Amino acid sequence: MSEPRISDLSLRYADVAVTFTADQFKGIYRGKAYHEPDISHVIQRAKEYGCEKIMLTTMSLPLAHENIKLVRQFPETCTMTLGVHPYHAGEIYASPKRADTSVSNTDNNNGSRYLQELRELAKSLLDEQLTAAGSPLVAFGEIGLDYEYLTRSDKPTQQRAFRDQLALAVELQLPLFLHVRDSCADFISIIKPFLADLPRRGLVHSFAGTKDEMQELLALGFDISVNGVCFRTDEQLEMVQSIQLERLQLETDAPWCEIQESDDKIKNYLVGAKPLPGSRKNGKFRAGEMVKGRNESCTIGRVAMVVAGLKGVGVEEVARAAWENSVRMFGLGVKP
């Protein structure tokens with residue numbers, strides 16, 4: 001396959017999955033604080049590498065408020081999702097820590113209080129015109145299933161949370177931001193009955209499953225986004241190669257899912273990439289430099305280069321298609 005060549009240094013990207021609420025962006029690694037939060041530097045680096053828009057993924061209701069602060073701090077760059085990740089599914093049905101005599105035990109157990117707070121926050125954000133282009137809330141998620149880390153939340157709880165949030169998604173009529181890991185059959189079984197009432201569909205992000213599974217998801221009307229974790233095996237590379245450009249989006253899933261640039265399967269596709277800024281280990285942090293082992297949005301162009309190399313097309317074509325697909329689905333604060 002042909003090697004992608006960058007002939008246009010003004011390529012623009014949308015990174016549709018970044019978890020800025022992760023500890024690493026707060027300077028915390030394995031529970032220990034090493035440096036101050038450096039999000040402003042991370043966003044500046046992203047812009048210098050053509051990443052104009054960043055969608056902040058929300059993992060839980062408490063973490064949503066951290067994302068709200070960030071989208072208000074960087075309204076021209078950042079938008080956000082709102083939902084409960086499968087890792088946090090159990091939080092929906094846990095009893096509240098504070099005493100509230102107005103809420104019954106039944107309300108606690110069925111998650112109605114948590115879901116109502118989620119609903120109210122979503123509606124308030126949809127009413128908020130943070131920029132001329134609209135609300136900071138552009139997608140409902142991250143919701144779905146993850147059967148790899150069942151110690152965080154068991155299958156019945158994840159499935160219950162997924163159904164309850166899909167019912168809420170029907171009310172909100174936002175495009176979905178979806179998580180599917182080692183659970184594709186159950187995911188499809190659960191979401192199918194809701195699809196008639198979810199015409200905007202949504203995005204299955206960070207998908208690293210099989211080609212056949214990917215095609216099943218495309219057939220349901222979803223887009224697929226990829227990052228470095230989707231390039232690890234020959235089977236995954238075949239899957240990525242097979243994603244239609246008109247259904248493809250790009251992400252880093254920072255601070256995780258780095259591209260393994262030394263991997264023989266993909267390193268030739270990265271020839272000609274713009275060198276990244278200097279980096280240091282977290283214990284030797286210097287403001288303005290990257291942290292080794294922490295992924296960032298400034299690497300989004302490399303994701304596009306690998307996809308382009310796998311498909312045998314120019315990186316410009318991949319970048320343009322992904323940008324248009326993301327803006328069409330989520331808006332991302334881009335004026336029509």
# chains A, B, ... in the order shown; residues from 1 in each chain; ligands from 1
$ select_by_dssp --residues "range 62-200 of chain A" --states "helix (DSSP H, G or I)" --output "PDB file with N, CA and C atoms, in the first residue's frame"
ATOM      1  N   PRO A  62     -20.516  13.166  38.658  1.00  0.00           N
ATOM      2  CA  PRO A  62     -19.606  14.101  39.344  1.00  0.00           C
ATOM      3  C   PRO A  62     -18.507  14.635  38.433  1.00  0.00           C
ATOM      4  N   LEU A  63     -17.958  13.782  37.576  1.00  0.00           N
ATOM      5  CA  LEU A  63     -16.885  14.214  36.687  1.00  0.00           C
ATOM      6  C   LEU A  63     -17.389  15.156  35.595  1.00  0.00           C
ATOM      7  N   ALA A  64     -18.677  15.109  35.309  1.00  0.00           N
ATOM      8  CA  ALA A  64     -19.237  16.018  34.306  1.00  0.00           C
ATOM      9  C   ALA A  64     -18.989  17.471  34.677  1.00  0.00           C
ATOM     10  N   HIS A  65     -19.030  17.776  35.957  1.00  0.00           N
ATOM     11  CA  HIS A  65     -18.864  19.173  36.385  1.00  0.00           C
ATOM     12  C   HIS A  65     -17.438  19.661  36.141  1.00  0.00           C
ATOM     13  N   GLU A  66     -16.473  18.748  36.162  1.00  0.00           N
ATOM     14  CA  GLU A  66     -15.105  19.135  35.806  1.00  0.00           C
ATOM     15  C   GLU A  66     -15.024  19.470  34.318  1.00  0.00           C
ATOM     16  N   ASN A  67     -15.703  18.684  33.484  1.00  0.00           N
ATOM     17  CA  ASN A  67     -15.706  18.970  32.056  1.00  0.00           C
ATOM     18  C   ASN A  67     -16.418  20.276  31.746  1.00  0.00           C
ATOM     19  N   ILE A  68     -17.476  20.567  32.481  1.00  0.00           N
ATOM     20  CA  ILE A  68     -18.196  21.823  32.262  1.00  0.00           C
ATOM     21  C   ILE A  68     -17.261  23.016  32.495  1.00  0.00           C
ATOM     22  N   LYS A  69     -16.462  22.946  33.550  1.00  0.00           N
ATOM     23  CA  LYS A  69     -15.503  24.029  33.810  1.00  0.00           C
ATOM     24  C   LYS A  69     -14.538  24.199  32.642  1.00  0.00           C
ATOM     25  N   LEU A  70     -14.102  23.083  32.076  1.00  0.00           N
ATOM     26  CA  LEU A  70     -13.129  23.150  30.985  1.00  0.00           C
ATOM     27  C   LEU A  70     -13.744  23.699  29.702  1.00  0.00           C
ATOM     28  N   VAL A  71     -14.970  23.283  29.373  1.00  0.00           N
ATOM     29  CA  VAL A  71     -15.562  23.794  28.132  1.00  0.00           C
ATOM     30  C   VAL A  71     -15.870  25.280  28.271  1.00  0.00           C
ATOM     31  N   ARG A  72     -16.099  25.740  29.476  1.00  0.00           N
ATOM     32  CA  ARG A  72     -16.312  27.176  29.676  1.00  0.00           C
ATOM     33  C   ARG A  72     -14.987  27.939  29.647  1.00  0.00           C
ATOM     34  N   GLN A  73     -13.915  27.257  30.027  1.00  0.00           N
ATOM     35  CA  GLN A  73     -12.596  27.886  29.984  1.00  0.00           C
ATOM     36  C   GLN A  73     -12.049  27.941  28.562  1.00  0.00           C
ATOM     37  N   PRO A  86     -19.550   2.501  31.471  1.00  0.00           N
ATOM     38  CA  PRO A  86     -19.846   1.217  32.114  1.00  0.00           C
ATOM     39  C   PRO A  86     -19.021   0.941  33.367  1.00  0.00           C
ATOM     40  N   TYR A  87     -17.791   1.476  33.463  1.00  0.00           N
ATOM     41  CA  TYR A  87     -17.012   1.290  34.682  1.00  0.00           C
ATOM     42  C   TYR A  87     -17.722   1.868  35.897  1.00  0.00           C
ATOM     43  N   HIS A  88     -18.506   2.924  35.688  1.00  0.00           N
ATOM     44  CA  HIS A  88     -19.155   3.649  36.779  1.00  0.00           C
ATOM     45  C   HIS A  88     -20.643   3.302  36.904  1.00  0.00           C
ATOM     46  N   ALA A  89     -21.075   2.249  36.210  1.00  0.00           N
ATOM     47  CA  ALA A  89     -22.502   1.932  36.165  1.00  0.00           C
ATOM     48  C   ALA A  89     -23.102   1.748  37.556  1.00  0.00           C
ATOM     49  N   GLY A  90     -22.357   1.142  38.455  1.00  0.00           N
ATOM     50  CA  GLY A  90     -22.875   0.890  39.794  1.00  0.00           C
ATOM     51  C   GLY A  90     -23.197   2.153  40.560  1.00  0.00           C
ATOM     52  N   GLU A  91     -22.566   3.266  40.219  1.00  0.00           N
ATOM     53  CA  GLU A  91     -22.817   4.525  40.927  1.00  0.00           C
ATOM     54  C   GLU A  91     -24.258   4.993  40.742  1.00  0.00           C
ATOM     55  N   ILE A  92     -24.860   4.620  39.635  1.00  0.00           N
ATOM     56  CA  ILE A  92     -26.236   5.049  39.370  1.00  0.00           C
ATOM     57  C   ILE A  92     -27.182   4.503  40.420  1.00  0.00           C
ATOM     58  N   ASN A 105     -35.844   4.636  49.661  1.00  0.00           N
ATOM     59  CA  ASN A 105     -34.875   3.593  49.343  1.00  0.00           C
ATOM     60  C   ASN A 105     -35.111   3.032  47.945  1.00  0.00           C
ATOM     61  N   THR A 106     -36.376   2.981  47.545  1.00  0.00           N
ATOM     62  CA  THR A 106     -36.687   2.509  46.197  1.00  0.00           C
ATOM     63  C   THR A 106     -36.060   3.407  45.161  1.00  0.00           C
ATOM     64  N   ASP A 107     -36.146   4.726  45.363  1.00  0.00           N
ATOM     65  CA  ASP A 107     -35.529   5.671  44.432  1.00  0.00           C
ATOM     66  C   ASP A 107     -34.029   5.443  44.355  1.00  0.00           C
ATOM     67  N   ASN A 108     -33.418   5.158  45.524  1.00  0.00           N
ATOM     68  CA  ASN A 108     -31.980   4.904  45.518  1.00  0.00           C
ATOM     69  C   ASN A 108     -31.649   3.660  44.698  1.00  0.00           C
ATOM     70  N   ASN A 109     -32.406   2.586  44.939  1.00  0.00           N
ATOM     71  CA  ASN A 109     -32.089   1.309  44.313  1.00  0.00           C
ATOM     72  C   ASN A 109     -32.344   1.289  42.816  1.00  0.00           C
ATOM     73  N   ASN A 110     -33.344   2.031  42.336  1.00  0.00           N
ATOM     74  CA  ASN A 110     -33.644   1.973  40.902  1.00  0.00           C
ATOM     75  C   ASN A 110     -32.927   3.060  40.109  1.00  0.00           C
ATOM     76  N   SER A 112     -33.335   6.235  40.065  1.00  0.00           N
ATOM     77  CA  SER A 112     -34.137   7.341  39.538  1.00  0.00           C
ATOM     78  C   SER A 112     -33.568   8.705  39.930  1.00  0.00           C
ATOM     79  N   ARG A 113     -33.012   8.796  41.129  1.00  0.00           N
ATOM     80  CA  ARG A 113     -32.453  10.077  41.551  1.00  0.00           C
ATOM     81  C   ARG A 113     -31.252  10.458  40.678  1.00  0.00           C
ATOM     82  N   TYR A 114     -30.330   9.533  40.521  1.00  0.00           N
ATOM     83  CA  TYR A 114     -29.123   9.800  39.727  1.00  0.00           C
ATOM     84  C   TYR A 114     -29.504  10.148  38.287  1.00  0.00           C
ATOM     85  N   LEU A 115     -30.412   9.358  37.714  1.00  0.00           N
ATOM     86  CA  LEU A 115     -30.818   9.577  36.330  1.00  0.00           C
ATOM     87  C   LEU A 115     -31.557  10.902  36.169  1.00  0.00           C
ATOM     88  N   GLN A 116     -32.314  11.296  37.184  1.00  0.00           N
ATOM     89  CA  GLN A 116     -32.994  12.581  37.115  1.00  0.00           C
ATOM     90  C   GLN A 116     -31.990  13.734  37.146  1.00  0.00           C
ATOM     91  N   GLU A 117     -30.959  13.611  37.970  1.00  0.00           N
ATOM     92  CA  GLU A 117     -29.916  14.640  38.007  1.00  0.00           C
ATOM     93  C   GLU A 117     -29.189  14.710  36.664  1.00  0.00           C
ATOM     94  N   LEU A 118     -28.969  13.551  36.068  1.00  0.00           N
ATOM     95  CA  LEU A 118     -28.325  13.507  34.751  1.00  0.00           C
ATOM     96  C   LEU A 118     -29.209  14.200  33.710  1.00  0.00           C
ATOM     97  N   ARG A 119     -30.498  13.909  33.763  1.00  0.00           N
ATOM     98  CA  ARG A 119     -31.455  14.521  32.836  1.00  0.00           C
ATOM     99  C   ARG A 119     -31.481  16.039  32.996  1.00  0.00           C
ATOM    100  N   GLU A 120     -31.557  16.494  34.227  1.00  0.00           N
ATOM    101  CA  GLU A 120     -31.653  17.935  34.475  1.00  0.00           C
ATOM    102  C   GLU A 120     -30.382  18.667  34.040  1.00  0.00           C
ATOM    103  N   LEU A 121     -29.228  18.048  34.295  1.00  0.00           N
ATOM    104  CA  LEU A 121     -27.977  18.680  33.881  1.00  0.00           C
ATOM    105  C   LEU A 121     -27.900  18.743  32.358  1.00  0.00           C
ATOM    106  N   ALA A 122     -28.288  17.679  31.696  1.00  0.00           N
ATOM    107  CA  ALA A 122     -28.260  17.666  30.236  1.00  0.00           C
ATOM    108  C   ALA A 122     -29.149  18.766  29.668  1.00  0.00           C
ATOM    109  N   LYS A 123     -30.347  18.893  30.190  1.00  0.00           N
ATOM    110  CA  LYS A 123     -31.271  19.898  29.663  1.00  0.00           C
ATOM    111  C   LYS A 123     -30.775  21.311  29.923  1.00  0.00           C
ATOM    112  N   SER A 124     -30.142  21.517  31.075  1.00  0.00           N
ATOM    113  CA  SER A 124     -29.612  22.857  31.364  1.00  0.00           C
ATOM    114  C   SER A 124     -28.464  23.198  30.426  1.00  0.00           C
ATOM    115  N   LEU A 125     -27.636  22.209  30.106  1.00  0.00           N
ATOM    116  CA  LEU A 125     -26.530  22.454  29.183  1.00  0.00           C
ATOM    117  C   LEU A 125     -27.030  22.684  27.756  1.00  0.00           C
ATOM    118  N   LEU A 126     -28.075  21.968  27.369  1.00  0.00           N
ATOM    119  CA  LEU A 126     -28.625  22.159  26.030  1.00  0.00           C
ATOM    120  C   LEU A 126     -29.258  23.535  25.871  1.00  0.00           C
ATOM    121  N   LYS A 155     -21.718  -7.552  34.706  1.00  0.00           N
ATOM    122  CA  LYS A 155     -22.525  -7.517  33.493  1.00  0.00           C
ATOM    123  C   LYS A 155     -23.963  -7.059  33.735  1.00  0.00           C
ATOM    124  N   PRO A 156     -24.677  -7.619  34.720  1.00  0.00           N
ATOM    125  CA  PRO A 156     -26.065  -7.178  34.917  1.00  0.00           C
ATOM    126  C   PRO A 156     -26.170  -5.683  35.213  1.00  0.00           C
ATOM    127  N   THR A 157     -25.256  -5.142  36.002  1.00  0.00           N
ATOM    128  CA  THR A 157     -25.303  -3.720  36.327  1.00  0.00           C
ATOM    129  C   THR A 157     -25.008  -2.867  35.095  1.00  0.00           C
ATOM    130  N   GLN A 158     -24.009  -3.271  34.317  1.00  0.00           N
ATOM    131  CA  GLN A 158     -23.703  -2.539  33.084  1.00  0.00           C
ATOM    132  C   GLN A 158     -24.896  -2.548  32.131  1.00  0.00           C
ATOM    133  N   GLN A 159     -25.509  -3.717  31.967  1.00  0.00           N
ATOM    134  CA  GLN A 159     -26.631  -3.826  31.043  1.00  0.00           C
ATOM    135  C   GLN A 159     -27.821  -2.984  31.514  1.00  0.00           C
ATOM    136  N   ARG A 160     -28.050  -2.977  32.800  1.00  0.00           N
ATOM    137  CA  ARG A 160     -29.139  -2.171  33.369  1.00  0.00           C
ATOM    138  C   ARG A 160     -28.877  -0.685  33.129  1.00  0.00           C
ATOM    139  N   ALA A 161     -27.650  -0.258  33.405  1.00  0.00           N
ATOM    140  CA  ALA A 161     -27.298   1.148  33.211  1.00  0.00           C
ATOM    141  C   ALA A 161     -27.387   1.539  31.743  1.00  0.00           C
ATOM    142  N   PHE A 162     -27.002   0.636  30.865  1.00  0.00           N
ATOM    143  CA  PHE A 162     -27.057   0.916  29.431  1.00  0.00           C
ATOM    144  C   PHE A 162     -28.507   1.134  28.996  1.00  0.00           C
ATOM    145  N   ARG A 163     -29.402   0.245  29.394  1.00  0.00           N
ATOM    146  CA  ARG A 163     -30.815   0.383  29.026  1.00  0.00           C
ATOM    147  C   ARG A 163     -31.415   1.657  29.607  1.00  0.00           C
ATOM    148  N   ASP A 164     -31.143   1.924  30.876  1.00  0.00           N
ATOM    149  CA  ASP A 164     -31.716   3.111  31.510  1.00  0.00           C
ATOM    150  C   ASP A 164     -31.229   4.385  30.830  1.00  0.00           C
ATOM    151  N   GLN A 165     -29.969   4.403  30.428  1.00  0.00           N
ATOM    152  CA  GLN A 165     -29.445   5.603  29.786  1.00  0.00           C
ATOM    153  C   GLN A 165     -29.905   5.724  28.336  1.00  0.00           C
ATOM    154  N   LEU A 166     -30.121   4.613  27.667  1.00  0.00           N
ATOM    155  CA  LEU A 166     -30.681   4.681  26.320  1.00  0.00           C
ATOM    156  C   LEU A 166     -32.098   5.258  26.355  1.00  0.00           C
ATOM    157  N   ALA A 167     -32.858   4.918  27.380  1.00  0.00           N
ATOM    158  CA  ALA A 167     -34.190   5.510  27.523  1.00  0.00           C
ATOM    159  C   ALA A 167     -34.086   7.023  27.707  1.00  0.00           C
ATOM    160  N   LEU A 168     -33.100   7.462  28.463  1.00  0.00           N
ATOM    161  CA  LEU A 168     -32.878   8.892  28.647  1.00  0.00           C
ATOM    162  C   LEU A 168     -32.402   9.527  27.336  1.00  0.00           C
ATOM    163  N   ALA A 169     -31.575   8.811  26.597  1.00  0.00           N
ATOM    164  CA  ALA A 169     -31.093   9.327  25.311  1.00  0.00           C
ATOM    165  C   ALA A 169     -32.246   9.591  24.349  1.00  0.00           C
ATOM    166  N   VAL A 170     -33.272   8.766  24.400  1.00  0.00           N
ATOM    167  CA  VAL A 170     -34.435   8.980  23.541  1.00  0.00           C
ATOM    168  C   VAL A 170     -35.102  10.318  23.880  1.00  0.00           C
ATOM    169  N   GLU A 171     -35.136  10.662  25.152  1.00  0.00           N
ATOM    170  CA  GLU A 171     -35.694  11.954  25.559  1.00  0.00           C
ATOM    171  C   GLU A 171     -34.846  13.112  25.040  1.00  0.00           C
ATOM    172  N   LEU A 172     -33.546  12.978  25.134  1.00  0.00           N
ATOM    173  CA  LEU A 172     -32.641  14.088  24.833  1.00  0.00           C
ATOM    174  C   LEU A 172     -32.386  14.269  23.342  1.00  0.00           C
ATOM    175  N   CYS A 184     -19.804  -7.128  22.007  1.00  0.00           N
ATOM    176  CA  CYS A 184     -20.524  -6.622  20.852  1.00  0.00           C
ATOM    177  C   CYS A 184     -21.910  -7.254  20.703  1.00  0.00           C
ATOM    178  N   ALA A 185     -22.020  -8.552  20.910  1.00  0.00           N
ATOM    179  CA  ALA A 185     -23.315  -9.214  20.728  1.00  0.00           C
ATOM    180  C   ALA A 185     -24.349  -8.679  21.708  1.00  0.00           C
ATOM    181  N   ASP A 186     -23.989  -8.571  22.989  1.00  0.00           N
ATOM    182  CA  ASP A 186     -24.921  -8.034  23.978  1.00  0.00           C
ATOM    183  C   ASP A 186     -25.225  -6.567  23.713  1.00  0.00           C
ATOM    184  N   PHE A 187     -24.210  -5.817  23.301  1.00  0.00           N
ATOM    185  CA  PHE A 187     -24.400  -4.409  22.982  1.00  0.00           C
ATOM    186  C   PHE A 187     -25.467  -4.245  21.902  1.00  0.00           C
ATOM    187  N   ILE A 188     -25.345  -5.001  20.827  1.00  0.00           N
ATOM    188  CA  ILE A 188     -26.292  -4.890  19.726  1.00  0.00           C
ATOM    189  C   ILE A 188     -27.684  -5.327  20.166  1.00  0.00           C
ATOM    190  N   SER A 189     -27.757  -6.416  20.934  1.00  0.00           N
ATOM    191  CA  SER A 189     -29.050  -6.905  21.409  1.00  0.00           C
ATOM    192  C   SER A 189     -29.776  -5.849  22.245  1.00  0.00           C
ATOM    193  N   ILE A 190     -29.033  -5.127  23.077  1.00  0.00           N
ATOM    194  CA  ILE A 190     -29.648  -4.133  23.953  1.00  0.00           C
ATOM    195  C   ILE A 190     -30.043  -2.868  23.194  1.00  0.00           C
ATOM    196  N   ILE A 191     -29.197  -2.410  22.291  1.00  0.00           N
ATOM    197  CA  ILE A 191     -29.447  -1.110  21.662  1.00  0.00           C
ATOM    198  C   ILE A 191     -30.457  -1.189  20.522  1.00  0.00           C
ATOM    199  N   LYS A 192     -30.602  -2.326  19.888  1.00  0.00           N
ATOM    200  CA  LYS A 192     -31.465  -2.443  18.709  1.00  0.00           C
ATOM    201  C   LYS A 192     -32.893  -1.952  18.952  1.00  0.00           C
ATOM    202  N   PRO A 193     -33.540  -2.327  20.053  1.00  0.00           N
ATOM    203  CA  PRO A 193     -34.928  -1.886  20.246  1.00  0.00           C
ATOM    204  C   PRO A 193     -35.083  -0.372  20.378  1.00  0.00           C
ATOM    205  N   PHE A 194     -34.000   0.340  20.666  1.00  0.00           N
ATOM    206  CA  PHE A 194     -34.072   1.793  20.848  1.00  0.00           C
ATOM    207  C   PHE A 194     -33.811   2.569  19.556  1.00  0.00           C
ATOM    208  N   LEU A 195     -33.285   1.895  18.535  1.00  0.00           N
ATOM    209  CA  LEU A 195     -32.761   2.622  17.384  1.00  0.00           C
ATOM    210  C   LEU A 195     -33.831   3.377  16.601  1.00  0.00           C
ATOM    211  N   ALA A 196     -35.054   2.858  16.557  1.00  0.00           N
ATOM    212  CA  ALA A 196     -36.119   3.561  15.832  1.00  0.00           C
ATOM    213  C   ALA A 196     -36.369   4.942  16.414  1.00  0.00           C
ATOM    214  N   ASP A 197     -36.059   5.117  17.695  1.00  0.00           N
ATOM    215  CA  ASP A 197     -36.283   6.399  18.371  1.00  0.00           C
ATOM    216  C   ASP A 197     -35.000   7.201  18.532  1.00  0.00           C
TER     217      ASP A 197
END
$ residues_around --residues "Gly141 in chain A" --least-positions-apart "4" --cutoff "6 Å" --atoms "only C-alpha atoms" --output "list in words"
Thr81, Leu82, Gly83, Leu176 and Phe177 of chain A
$ residues_around --residues "Ala219 in chain A" --least-positions-apart "5" --cutoff "12 Å" --atoms "only C-alpha atoms" --output "list in words"
Ile188, Lys192, Leu195, Arg201, Asp212, Glu213, Met214, Ile224, Ile243, Gln244 and Arg247 of chain A
$ residues_around --residues "range 264-267 of chain A" --least-positions-apart "3" --cutoff "9 Å" --atoms "only C-alpha atoms" --output "ChimeraX atom specification"
/A:231-234,237,260-261,270-271,306,309-310
$ select_by_dssp --residues "range 180-243 of chain A" --states "strand (DSSP E or B)" --output "list of chain:residue names"
A:Val180, A:Arg181, A:Gly202, A:Leu203, A:Val204, A:Asp223, A:Ile224, A:Ser225, A:Val226
$ write_last_selection --atoms "all heavy atoms" --output "mmCIF file, in the first residue's frame"
data_model
loop_
_atom_site.group_PDB
_atom_site.id
_atom_site.type_symbol
_atom_site.label_atom_id
_atom_site.label_comp_id
_atom_site.auth_asym_id
_atom_site.auth_seq_id
_atom_site.Cartn_x
_atom_site.Cartn_y
_atom_site.Cartn_z
ATOM 1 N N VAL A 180 -17.849 -0.064 23.412
ATOM 2 C CA VAL A 180 -18.084 -1.502 23.184
ATOM 3 C C VAL A 180 -16.750 -2.222 23.292
ATOM 4 O O VAL A 180 -15.882 -2.056 22.444
ATOM 5 C CB VAL A 180 -18.680 -1.765 21.785
ATOM 6 C CG1 VAL A 180 -19.037 -3.242 21.648
ATOM 7 C CG2 VAL A 180 -19.891 -0.894 21.527
ATOM 8 N N ARG A 181 -16.591 -3.032 24.332
ATOM 9 C CA ARG A 181 -15.362 -3.816 24.459
ATOM 10 C C ARG A 181 -15.717 -5.233 24.884
ATOM 11 O O ARG A 181 -16.338 -5.446 25.933
ATOM 12 C CB ARG A 181 -14.407 -3.190 25.479
ATOM 13 C CG ARG A 181 -13.098 -3.981 25.640
ATOM 14 C CD ARG A 181 -12.191 -3.382 26.683
ATOM 15 N NE ARG A 181 -11.610 -2.135 26.232
ATOM 16 C CZ ARG A 181 -10.956 -1.287 27.040
ATOM 17 N NH1 ARG A 181 -10.820 -1.572 28.314
ATOM 18 N NH2 ARG A 181 -10.447 -0.174 26.554
ATOM 19 N N GLY A 202 -25.015 7.724 16.264
ATOM 20 C CA GLY A 202 -23.889 8.140 17.086
ATOM 21 C C GLY A 202 -22.614 7.439 16.681
ATOM 22 O O GLY A 202 -22.498 6.875 15.583
ATOM 23 N N LEU A 203 -21.665 7.449 17.608
ATOM 24 C CA LEU A 203 -20.302 6.994 17.346
ATOM 25 C C LEU A 203 -19.904 5.882 18.308
ATOM 26 O O LEU A 203 -20.055 6.027 19.522
ATOM 27 C CB LEU A 203 -19.335 8.168 17.520
ATOM 28 C CG LEU A 203 -17.842 7.869 17.394
ATOM 29 C CD1 LEU A 203 -17.493 7.565 15.941
ATOM 30 C CD2 LEU A 203 -17.011 9.042 17.903
ATOM 31 N N VAL A 204 -19.410 4.786 17.768
ATOM 32 C CA VAL A 204 -18.765 3.756 18.584
ATOM 33 C C VAL A 204 -17.285 4.109 18.619
ATOM 34 O O VAL A 204 -16.590 4.041 17.618
ATOM 35 C CB VAL A 204 -18.971 2.351 18.004
ATOM 36 C CG1 VAL A 204 -18.224 1.322 18.842
ATOM 37 C CG2 VAL A 204 -20.461 2.014 17.946
ATOM 38 N N ASP A 223 -21.176 5.466 13.265
ATOM 39 C CA ASP A 223 -19.813 5.732 12.832
ATOM 40 C C ASP A 223 -18.852 4.998 13.767
ATOM 41 O O ASP A 223 -19.232 4.598 14.879
ATOM 42 C CB ASP A 223 -19.506 7.227 12.878
ATOM 43 C CG ASP A 223 -20.041 7.973 11.668
ATOM 44 O OD1 ASP A 223 -20.855 7.403 10.921
ATOM 45 O OD2 ASP A 223 -19.651 9.145 11.480
ATOM 46 N N ILE A 224 -17.599 4.873 13.331
ATOM 47 C CA ILE A 224 -16.554 4.220 14.118
ATOM 48 C C ILE A 224 -15.377 5.180 14.230
ATOM 49 O O ILE A 224 -14.952 5.779 13.237
ATOM 50 C CB ILE A 224 -16.058 2.925 13.434
ATOM 51 C CG1 ILE A 224 -17.225 1.968 13.141
ATOM 52 C CG2 ILE A 224 -14.988 2.248 14.288
ATOM 53 C CD1 ILE A 224 -17.831 1.326 14.353
ATOM 54 N N SER A 225 -14.828 5.329 15.446
ATOM 55 C CA SER A 225 -13.600 6.120 15.592
ATOM 56 C C SER A 225 -12.480 5.228 16.100
ATOM 57 O O SER A 225 -12.700 4.264 16.835
ATOM 58 C CB SER A 225 -13.796 7.310 16.539
ATOM 59 O OG SER A 225 -14.116 6.895 17.843
ATOM 60 N N VAL A 226 -11.257 5.574 15.673
ATOM 61 C CA VAL A 226 -10.092 4.741 15.989
ATOM 62 C C VAL A 226 -8.977 5.587 16.581
ATOM 63 O O VAL A 226 -8.924 6.813 16.411
ATOM 64 C CB VAL A 226 -9.580 4.000 14.739
ATOM 65 C CG1 VAL A 226 -10.644 3.054 14.199
ATOM 66 C CG2 VAL A 226 -9.142 4.982 13.646
#
$ atom_distance --atom1 "CA of Ser183 in chain A" --atom2 "CA of Leu217 in chain A"
12.2 Å
$ atom_distance --atom1 "CA of Lys292 in chain A" --atom2 "CA of Ala46 in chain A"
16.1 Å
$ residues_around --residues "Glu76 in chain A" --least-positions-apart "3" --cutoff "12 Å" --atoms "only C-alpha atoms" --output "list in words"
Ile43, Lys47, Cys51, Glu52, Lys53, Ile54, Met55, Leu70, Val71, Arg72, Gln73, Thr79, Leu130, Thr131, Ala132, Ala133, Gly134, Ser135, Pro136, Leu332, Gly333, Val334 and Lys335 of chain A
$ closest_residue --among "A:Glu48, A:Glu296, A:Asp253, A:Asp127" --to "Ser10 in chain A" --atoms "only C-alpha atoms"
A:Glu48
$ closest_atom_pairs --of "range 237-300 of chain A" --to "range 21-32 of chain A" --cutoff "10 Å" --atoms "only C-alpha atoms" --output "Markdown table"
| residue | atom | partner | partner_atom | distance |
| --- | --- | --- | --- | --- |
| A:Ala254 | CA | A:Ala22 | CA | 8.9 |
| A:Pro255 | CA | A:Gln24 | CA | 6.8 |
| A:Trp256 | CA | A:Gln24 | CA | 9.4 |
| A:Asn282 | CA | A:Gly27 | CA | 7.8 |
| A:Gly283 | CA | A:Tyr29 | CA | 9.6 |
| A:Phe285 | CA | A:Gly27 | CA | 9.1 |
| A:Val291 | CA | A:Gln24 | CA | 9.1 |
| A:Gly293 | CA | A:Gln24 | CA | 9.8 |
| A:Arg294 | CA | A:Gln24 | CA | 7.1 |
| A:Asn295 | CA | A:Gln24 | CA | 9.5 |
| A:Glu296 | CA | A:Phe25 | CA | 9.6 |
$ write_last_selection --atoms "N, CA, C and O atoms" --output "compact mmCIF listing (two decimals), in the first residue's frame"
# COMPACT_ATOMS: atom_id res chain seq x y z
N ALA A 254 -6.88 10.16 24.60
CA ALA A 254 -5.89 10.60 25.59
C ALA A 254 -6.54 10.71 26.97
O ALA A 254 -7.71 11.04 27.08
N PRO A 255 -5.76 10.37 28.01
CA PRO A 255 -4.31 10.18 28.06
C PRO A 255 -3.84 8.74 27.77
O PRO A 255 -2.68 8.42 28.01
N TRP A 256 -4.76 7.90 27.27
CA TRP A 256 -4.42 6.50 27.00
C TRP A 256 -4.28 6.26 25.49
O TRP A 256 -4.34 7.20 24.69
N ASN A 282 7.33 11.81 34.13
CA ASN A 282 6.51 12.66 35.01
C ASN A 282 7.29 13.23 36.19
O ASN A 282 7.00 14.33 36.65
N GLY A 283 8.30 12.49 36.64
CA GLY A 283 9.08 12.97 37.78
C GLY A 283 10.02 14.11 37.43
O GLY A 283 10.56 14.78 38.33
N PHE A 285 9.02 16.57 35.16
CA PHE A 285 8.10 17.41 34.39
C PHE A 285 8.62 18.83 34.21
O PHE A 285 9.18 19.43 35.14
N VAL A 291 4.52 14.63 28.54
CA VAL A 291 4.91 13.65 29.55
C VAL A 291 4.99 12.29 28.87
O VAL A 291 4.05 11.86 28.19
N GLY A 293 4.61 8.63 28.00
CA GLY A 293 3.59 7.66 28.37
C GLY A 293 2.20 8.24 28.53
O GLY A 293 1.25 7.49 28.78
N ARG A 294 2.05 9.56 28.38
CA ARG A 294 0.73 10.19 28.45
C ARG A 294 0.35 10.69 27.05
O ARG A 294 1.00 11.55 26.50
N ASN A 295 -0.69 10.14 26.51
CA ASN A 295 -1.11 10.52 25.16
C ASN A 295 -1.76 11.89 25.16
O ASN A 295 -2.33 12.32 26.18
N GLU A 296 -1.71 12.57 24.01
CA GLU A 296 -2.29 13.91 23.89
C GLU A 296 -2.90 14.09 22.50
O GLU A 296 -2.58 13.37 21.56
